[in-house]
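Asks: The structure is given below, and queries will be raised subsequently.
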Amino acid sequence: MGWWFDRLTIAAQVGGMFRKRVVRSVLLFFGVGCASGISLAGEQPIGPPPGASAYPAQVVERLRAAVAAKGEEYEPRTRHRYPDGWPSYTNRLILESSPYLQQHAHNPVNWYPWGDEAFERARREKKPVLLSVGYSTCHWCHVMEEESFEDVEIATYLNENYIAVKVDRERRPDVDGVYMMAVRLMTRRGGWPMTVWLTPDREPFFGGTYFPARDGDRGTRSGFLTLLGTLKKKYDEDPASIVAAAADMRQRVASSMETRGGKGLPTVSILETALTREKAAFDEKLGGFGRAPKFPRSSRLEFLLREHRRSGNPDALRMVRKTLEAMAAGGMYDQIGGGFHRYSTDARWLVPHFEKMLYDNGQLVVAYLEAYQATADPSYAAVARDILRYVGREMTAPGGAFYSAADADSEGEEGTFFVWTPSEIRSLLSPEEARLALAHFGVSDRGNFEGKNILHTPRGLADTASTIGIDLEVAKKHLGSARDKLYEARAKRIPPLTDRKILPSWNGLMISALARAGFVLGDADYVSRAERAARFVLSEMKQSKRLKRSWLEGSAGGDGFLDDYTFMIAALVDLYEVTFDVEWLKEAIALQSVLDEGFWDSAVGGYYLTPSSGEKLLAREKPSYDGAEPSGNSVALLNLLRLAELTTDDSFRERAENLLKAFEPVWSRNPTSVPKMLCGVDYWLDGGKEIVVVVPDKTAQAEPFLTQLRAAFVPSRVVSVVRVGAHLNATAEVIPLVRGKKLRGEKATAYVCERQVCDLPTTDAQVFAQQISRRRESPATAVAR
């Protein structure tokens with residue numbers, strides 16, 4: 001029984017508790033008792049993937065140790081396993097900390113992580129490089145993995161003819177950005193998975209996104225395997241054309257990513273132009289912009305709210321309200337668990353792509369909060385609270401920081417976790433609750449998604465209650481109970497994967513969301529959660545004053561990128577403006593100093609995505625497009641303007657204006673591509689209100705004024721609350737504008753200034769409300785008119 005014993009002892013070491021019990025039973029069947037002194041430790045087989053050359057001995061040992069370190073509960077993500085569950089193949093990705101790379105660690109493809117080792121081998125063996133870029137919760141990345149990278153025939157061909165490199169776009173947005181630009185130039189589209197053919201010099205010569213595995217699959221003429229063969233033949237037989245195509249593409253990528261800069265500063269006409277273009281793109285019937293798929297591009301809504309405040313144009317607010325309400329009523333919103341899915345695949349916001357991203361939900365909290373401030377409609381505040389409840393229950397790590405994303409797939413299918421049948425709902429709820437839930441969530445026997453139902457709310461609860469003949473308050477009670485019961489039942493299903501890596505950038509967005517919610521909604525718990533997450537990032541992910549890109553399982557790695565700094569700086573300023581603890585502001589200023597030193601383009605202006613010490617790629621990107629996430633430069637603009645108001649340091653304002661000049665070709669020609677930057681333009685034109693409240697001895701004494709500020713939509717402002725004495729003096733060292741501010745009549749006193757003009761100090765909250773609502777026309781606005 002020699003080979004049986006070898007394999008069974010391996011299973012005992014790494015196969016999981018269930019398999020371990022099975023192993024012990026079989027050993028006893030063969031008369032080998034676990035207490036007999038025979039060791040269950042063994043040499044796990046680590047063979048190379050098919051078609052790949054044998055691993056060096058030192059690599060074998062590293063791979064074996066990495067798999068063993070996963071522990072007994074480890075479940076290899078592959079269909080290629082020995083009978084005991086041990087993976088048939090293990091590649092170098094098992095050594096990486098990225099969850100996405102580890103998903104591919106047992107593919108039969110001989111994957112390398114991005115790095116010199118892979119490209120040096122490609123040069124040595126005169127082979128092209130196949131670059132595959134994706135992320136852990138990407139549905140079509142999983143599809144291509146299953147169809148192509150788990151296929152032994154395709155993997156064998158890849159291993160024999162290419163050097164295969166896998167990149168996590170969330171860990172290496174710089175690599176992703178450069179080669180996504182190449183793919184867009186080649187195909188006029190982009191997305192993930194991204195698949196690019198490179199020379200050993202890292203130059204792209206062909207690329208695309210998802211490729212079906214074989215000819216005819218999903219209606220394609222040439223499948224992935226055929227493309228691999230065709231391009232390898234071209235690479236071998238006509239190398240001159242490959243070299244020429246790659247050199248041309250390298251030049252085009254570099255040219256496309258170059259920022260030439262400008263000299264002008266924006267006027268209000270840019271905001272008016274952007275509003276006109278947004279109105280042209282707006283879906284009057286269903287909300288949102290353009291045709292399907294529809295994305296929750298929060299920065300667009302934030303711009304429109306500011307434009308409504310500036311101009312009073314009712315269309316701007318109408319577009320925001322229609323979009324926010326349609327999204328919250330649709331299947332793109334998780335009606336049971338809270339939180340938004342990635343995007344809607346249809347124009348009605350009904351059928352989502354089911355993954356949930358931290359960055360979407362953080363930004364959407366802010367969008368709904370601002371809509372609440374602008375309209376006083378409590379339904380928007382309710383959505384914000386519901387999102388934050390979801391984040392607290394499902395996306396918060398033990399240390400207080402936030403996980404990155406939740407997958408779209410479970411049990412091998414997209415959306416399985418989230419859909420329902422009428423019989424399931426009836427079996428879980430009381431008759432009264434079921435009757436309401438079926439009607440309110442639009443559930444039918446036919447279903448709306450592959451025979452099942454994505455829950456949505458085609459009409460308001462009041463209408464549903466009226467239709468089925470029950471009181472609205474009773475309906476609210478039944479609906480709350482039904483949601484809780486369905487959530488508990490759903491939690492027993494096999495859940496989608498959660499990507500547990502922690503990124504400073506996306507954590508910054510959620511910290512801002514919580515801090516802003518804590519202020520607007522007056523909820524101290526949100527503030528505490530924001531502070532806890534910020535402490536985690538600053539203590540676990542900052543080394544030698546610099547941020548790391550990612551944290552997972554106790555280890556931080558990779559250099560931080562532009563958005564890591566800018567999103568965290570914004571979060572820290574937001575935390576200051578709700579806690580009035582100046583230490584948060586000091587941390588923000590310190591990170592801004594690192595950003596200015598390592599990322600600023602001193603020749604043209606603006607910030608690069610990568611630090612000057614970073615890896616030199618084909619081009620050094622300077623991002624501006626505000627898409628699913630705002631660009632780091634757009635957020636930096638707002639940060640600089642806020643820091644200028646708080647610190648009275650004009651160098652921040654000068655840098656902000658230089659940034660605006662650097663991106664003049666962008667905002668002047670295509671302002672709707674940079675809606676978050678337009679929020680900064682609005683702030684810059686507005687001038688920013690400086691609000692200081694001085695209190696005798698307790699911050700709570702400022703509450704009458706803060707209540708007015710919470711209820712008002714005043715985005716272009718800074719606020720500080722200081723206690724007379726030591727607290728005021730310490731704050732003045734960082735925020736000079738509080739210096740000299742005094743109590744009037746020993747009462748809490750508010751000071752409101754704008755463009756070096758101050759209103760009279762007041763102890764009356766109603767007078768304060770009038771002061772913060774007034775707008776002074778800026779010189780730039782006056783000139784434009």
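Each chain in the structure tokens gets a letter, A, B and so on, in the order shown; residues start at 1 in every chain, and ligands are counted from 1 in the order they appear.
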Using 10 Å as the limit and counting only C-alpha atoms, can you tabulate each residue of stretch 69-128 of chain A that touches stretch 51-65 of chain A, with its shortest atom-to-atom distance in Å and the two atoms involved, as a Markdown table?
Replies:
```
| residue | atom | partner | partner_atom | distance |
| --- | --- | --- | --- | --- |
| A:Ala69 | CA | A:Ala65 | CA | 6.0 |
| A:Lys70 | CA | A:Ala65 | CA | 8.8 |
| A:Thr90 | CA | A:Leu63 | CA | 7.1 |
| A:Asn91 | CA | A:Leu63 | CA | 7.3 |
| A:Arg92 | CA | A:Leu63 | CA | 6.9 |
| A:Leu93 | CA | A:Leu63 | CA | 9.0 |
| A:Ile94 | CA | A:Leu63 | CA | 6.7 |
| A:Leu95 | CA | A:Leu63 | CA | 6.9 |
| A:Ala105 | CA | A:Leu63 | CA | 9.8 |
| A:Pro108 | CA | A:Gly51 | CA | 9.2 |
| A:Val109 | CA | A:Ala52 | CA | 8.5 |
| A:Asn110 | CA | A:Ala52 | CA | 6.6 |
```
Asks: At a cut-off of 8 Å, using only C-alpha atoms, what residues contact A:Arg739? Leave out same-chain residues fewer than 4 positions from it and give the result as a list in words.
Replies: Leu728, Asn729, Ala732 and Ile735 of chain A
Asks: Per DSSP on the backbone, what are the alpha helix (DSSP H) residues of stretch 75-199 of chain A, as a PyMOL selection string?
Replies: chain A and resi 99-103+116-125+139-144+152-161+173-187
Asks: Could you name the residues that touch A:Glu170 at 10 Å or less, counting only C-alpha atoms, but leaving out those on the same chain fewer than 5 positions away, as a list in words?
Replies: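 Everything that qualifies: Ser98, Tyr100, Val133, Gly134, Tyr135, Ser136, Val175, Asp176, Ser404, Lys501, Leu503, Arg549 and Ser550 of chain A.
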Asks: Would you give me, as a list in words, the residues in stretch 79-222 of chain A that DSSP reads as strand (DSSP E or B)?
Replies: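 Filtering stretch 79-222 of chain A to strand (DSSP E or B) leaves Arg81, Pro87, Trp111, Tyr112, Pro113, Val129, Leu130, Leu131, Ser132, Val133, Gly134, Ile163, Ala164, Val165, Lys166, Val167, Asp168, Met194, Thr195, Val196, Trp197, Leu198, Pro204, Phe205, Phe206, Gly207 and Gly208 of chain A.
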Asks: Could you tell me which of A:Leu304, A:Leu369, A:Ile569, A:Met332 comes closest to A:Asp682 if we count only C-alpha atoms?
Replies: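 Nearest to A:Asp682: A:Leu304.
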Asks: Within 10 Å of A:Val143, counting only C-alpha atoms, which residues qualify if same-chain residues fewer than 3 places away don't, as a JSON list (two decimals) with N, CA, C and O atoms, in the first residue's frame?
Replies:
```
[["chain", "number", "residue", "atom", "x", "y", "z"],
["A", 138, "CYS", "N", -13.84, 39.64, -10.48],
["A", 138, "CYS", "CA", -14.24, 39.89, -11.87],
["A", 138, "CYS", "C", -14.88, 38.63, -12.47],
["A", 138, "CYS", "O", -14.21, 37.61, -12.63],
["A", 139, "HIS", "N", -16.16, 38.71, -12.82],
["A", 139, "HIS", "CA", -16.88, 37.54, -13.33],
["A", 139, "HIS", "C", -16.25, 37.00, -14.60],
["A", 139, "HIS", "O", -16.02, 35.78, -14.72],
["A", 140, "TRP", "N", -15.98, 37.86, -15.58],
["A", 140, "TRP", "CA", -15.45, 37.36, -16.85],
["A", 140, "TRP", "C", -14.00, 36.92, -16.74],
["A", 140, "TRP", "O", -13.52, 36.12, -17.55],
["A", 146, "GLU", "N", -11.74, 29.53, -16.25],
["A", 146, "GLU", "CA", -12.34, 28.20, -16.36],
["A", 146, "GLU", "C", -12.23, 27.66, -17.79],
["A", 146, "GLU", "O", -11.92, 26.49, -18.00],
["A", 147, "GLU", "N", -12.47, 28.52, -18.77],
["A", 147, "GLU", "CA", -12.49, 28.06, -20.16],
["A", 147, "GLU", "C", -11.10, 27.85, -20.74],
["A", 147, "GLU", "O", -10.90, 26.91, -21.54],
["A", 148, "SER", "N", -10.15, 28.70, -20.36],
["A", 148, "SER", "CA", -8.84, 28.67, -21.01],
["A", 148, "SER", "C", -7.70, 28.30, -20.07],
["A", 148, "SER", "O", -6.89, 27.43, -20.39],
["A", 149, "PHE", "N", -7.60, 28.95, -18.94],
["A", 149, "PHE", "CA", -6.43, 28.75, -18.09],
["A", 149, "PHE", "C", -6.50, 27.47, -17.28],
["A", 149, "PHE", "O", -5.48, 27.00, -16.77],
["A", 193, "PRO", "N", -11.34, 40.53, -18.11],
["A", 193, "PRO", "CA", -9.88, 40.37, -18.14],
["A", 193, "PRO", "C", -9.26, 41.09, -19.33],
["A", 193, "PRO", "O", -9.87, 41.17, -20.40],
["A", 210, "TYR", "N", -11.61, 39.76, -22.97],
["A", 210, "TYR", "CA", -11.97, 38.35, -22.85],
["A", 210, "TYR", "C", -11.95, 37.70, -24.23],
["A", 210, "TYR", "O", -12.46, 38.24, -25.20],
["A", 211, "PHE", "N", -11.32, 36.52, -24.33],
["A", 211, "PHE", "CA", -11.33, 35.72, -25.55],
["A", 211, "PHE", "C", -11.94, 34.35, -25.24],
["A", 211, "PHE", "O", -11.46, 33.66, -24.34],
["A", 212, "PRO", "N", -12.99, 33.94, -25.96],
["A", 212, "PRO", "CA", -13.47, 32.56, -25.81],
["A", 212, "PRO", "C", -12.35, 31.58, -26.16],
["A", 212, "PRO", "O", -11.44, 31.89, -26.93],
["A", 213, "ALA", "N", -12.43, 30.39, -25.58],
["A", 213, "ALA", "CA", -11.32, 29.45, -25.67],
["A", 213, "ALA", "C", -11.03, 28.98, -27.09],
["A", 213, "ALA", "O", -9.88, 28.94, -27.53],
["A", 412, "GLY", "N", -20.52, 28.58, -8.61],
["A", 412, "GLY", "CA", -20.20, 28.52, -10.02],
["A", 412, "GLY", "C", -21.07, 29.36, -10.92],
["A", 412, "GLY", "O", -20.93, 29.31, -12.15],
["A", 413, "GLU", "N", -21.98, 30.14, -10.37],
["A", 413, "GLU", "CA", -22.89, 30.94, -11.18],
["A", 413, "GLU", "C", -22.93, 32.37, -10.66],
["A", 413, "GLU", "O", -22.84, 32.62, -9.46]]
```
Asks: With a distance cut-off of 6 Å and only C-alpha atoms, select the neighbouring residues of stretch 385-395 of chain A, excluding the residue or stretch itself and same-chain residues fewer than 6 positions from it, and output the selection as a compact mmCIF listing (two decimals) with N, CA and C atoms, in the first residue's frame.
Replies:
```
# COMPACT_ATOMS: atom_id res chain seq x y z
N GLY A 338 -28.49 45.35 1.65
CA GLY A 338 -27.93 46.69 1.53
C GLY A 338 -26.69 46.71 0.67
N GLY A 339 -26.32 47.89 0.22
CA GLY A 339 -25.15 48.04 -0.63
C GLY A 339 -25.49 47.88 -2.09
N PHE A 402 -11.41 48.08 6.01
CA PHE A 402 -12.46 47.54 5.15
C PHE A 402 -11.89 46.68 4.04
N TYR A 403 -12.58 45.56 3.79
CA TYR A 403 -12.22 44.68 2.69
C TYR A 403 -12.51 45.36 1.35
```
Asks: Which residues come within 8 Å of A:Asp346, counting only C-alpha atoms, excluding same-chain residues fewer than 2 positions away, as a compact mmCIF listing (two decimals) with C-alpha atoms, in the first residue's frame?
Replies:
```txt
# COMPACT_ATOMS: atom_id res chain seq x y z
CA ALA A 292 -26.92 50.10 -20.93
CA PRO A 293 -24.80 49.14 -19.17
CA LYS A 294 -25.32 51.88 -16.59
CA SER A 344 -26.64 47.51 -14.15
CA ARG A 348 -33.77 49.80 -16.06
CA TRP A 349 -31.26 49.27 -13.24
CA LEU A 350 -32.81 45.82 -12.77
CA VAL A 351 -30.19 43.18 -13.61
CA PRO A 352 -26.83 43.96 -12.05
```
Asks: Between atom CA of A:Asp151 and atom CA of A:Pro173, measure the distance and give it in Å to one decimal.
Replies: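 Answer for the atom CA of A:Asp151 to atom CA of A:Pro173 separation: 27.9 Å.
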Asks: Restricting the calculation to only C-alpha atoms: of A:Val734, A:Ser444, A:Ser427, A:Thr137, which residue gets closest to A:Pro496?
Replies: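 Ranking A:Val734, A:Ser444, A:Ser427, A:Thr137 by distance to A:Pro496, first place goes to A:Thr137.
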Asks: Determine, counting only C-alpha atoms, which protein, DNA and RNA residues have an atom within 10 Å of an atom of stretch 456-458 of chain A; residues of the same chain fewer than 5 positions away are not included. Present the result as a list in words.
Replies: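 The residues satisfying every condition are Ala326, Met327, Ala328, Ala329, Gly330, Gly331, Met332, Tyr333, Asp334, Gln335, Ile336, Trp349, Leu350, Val351, Ala437, Ala439, His440, Phe441, Gly442, Val443, Asp463 and Thr464 of chain A.
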Asks: Take the residues from that selection and write them out as a JSON list (two decimals), in the first residue's frame, keeping C-alpha atoms.
Replies:
```
[["chain", "number", "residue", "atom", "x", "y", "z"],
["A", 326, "ALA", "CA", -34.02, 54.63, -9.83],
["A", 327, "MET", "CA", -30.80, 53.02, -8.60],
["A", 328, "ALA", "CA", -32.12, 52.49, -5.08],
["A", 329, "ALA", "CA", -35.35, 50.96, -6.43],
["A", 330, "GLY", "CA", -33.61, 48.63, -8.86],
["A", 331, "GLY", "CA", -32.00, 45.24, -8.62],
["A", 332, "MET", "CA", -28.61, 46.93, -8.70],
["A", 333, "TYR", "CA", -29.31, 47.72, -5.06],
["A", 334, "ASP", "CA", -29.29, 44.75, -2.70],
["A", 335, "GLN", "CA", -32.80, 45.11, -1.32],
["A", 336, "ILE", "CA", -32.14, 42.59, 1.46],
["A", 349, "TRP", "CA", -31.26, 49.27, -13.24],
["A", 350, "LEU", "CA", -32.81, 45.82, -12.77],
["A", 351, "VAL", "CA", -30.19, 43.18, -13.61],
["A", 437, "ALA", "CA", -42.72, 41.11, 0.21],
["A", 439, "ALA", "CA", -45.80, 42.50, -4.04],
["A", 440, "HIS", "CA", -43.24, 45.09, -2.95],
["A", 441, "PHE", "CA", -40.18, 43.35, -4.42],
["A", 442, "GLY", "CA", -41.87, 42.49, -7.73],
["A", 443, "VAL", "CA", -41.58, 38.73, -7.29],
["A", 463, "ASP", "CA", -48.40, 52.30, -3.13],
["A", 464, "THR", "CA", -47.80, 48.64, -2.31]]
```
Asks: Nearest to A:Ala513 among A:Gln701, A:Asn361, A:Ser423, A:Asn448, with distances taken over only C-alpha atoms: which residue is it?
Replies: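 Closest residue, counting only C-alpha atoms: A:Asn361.
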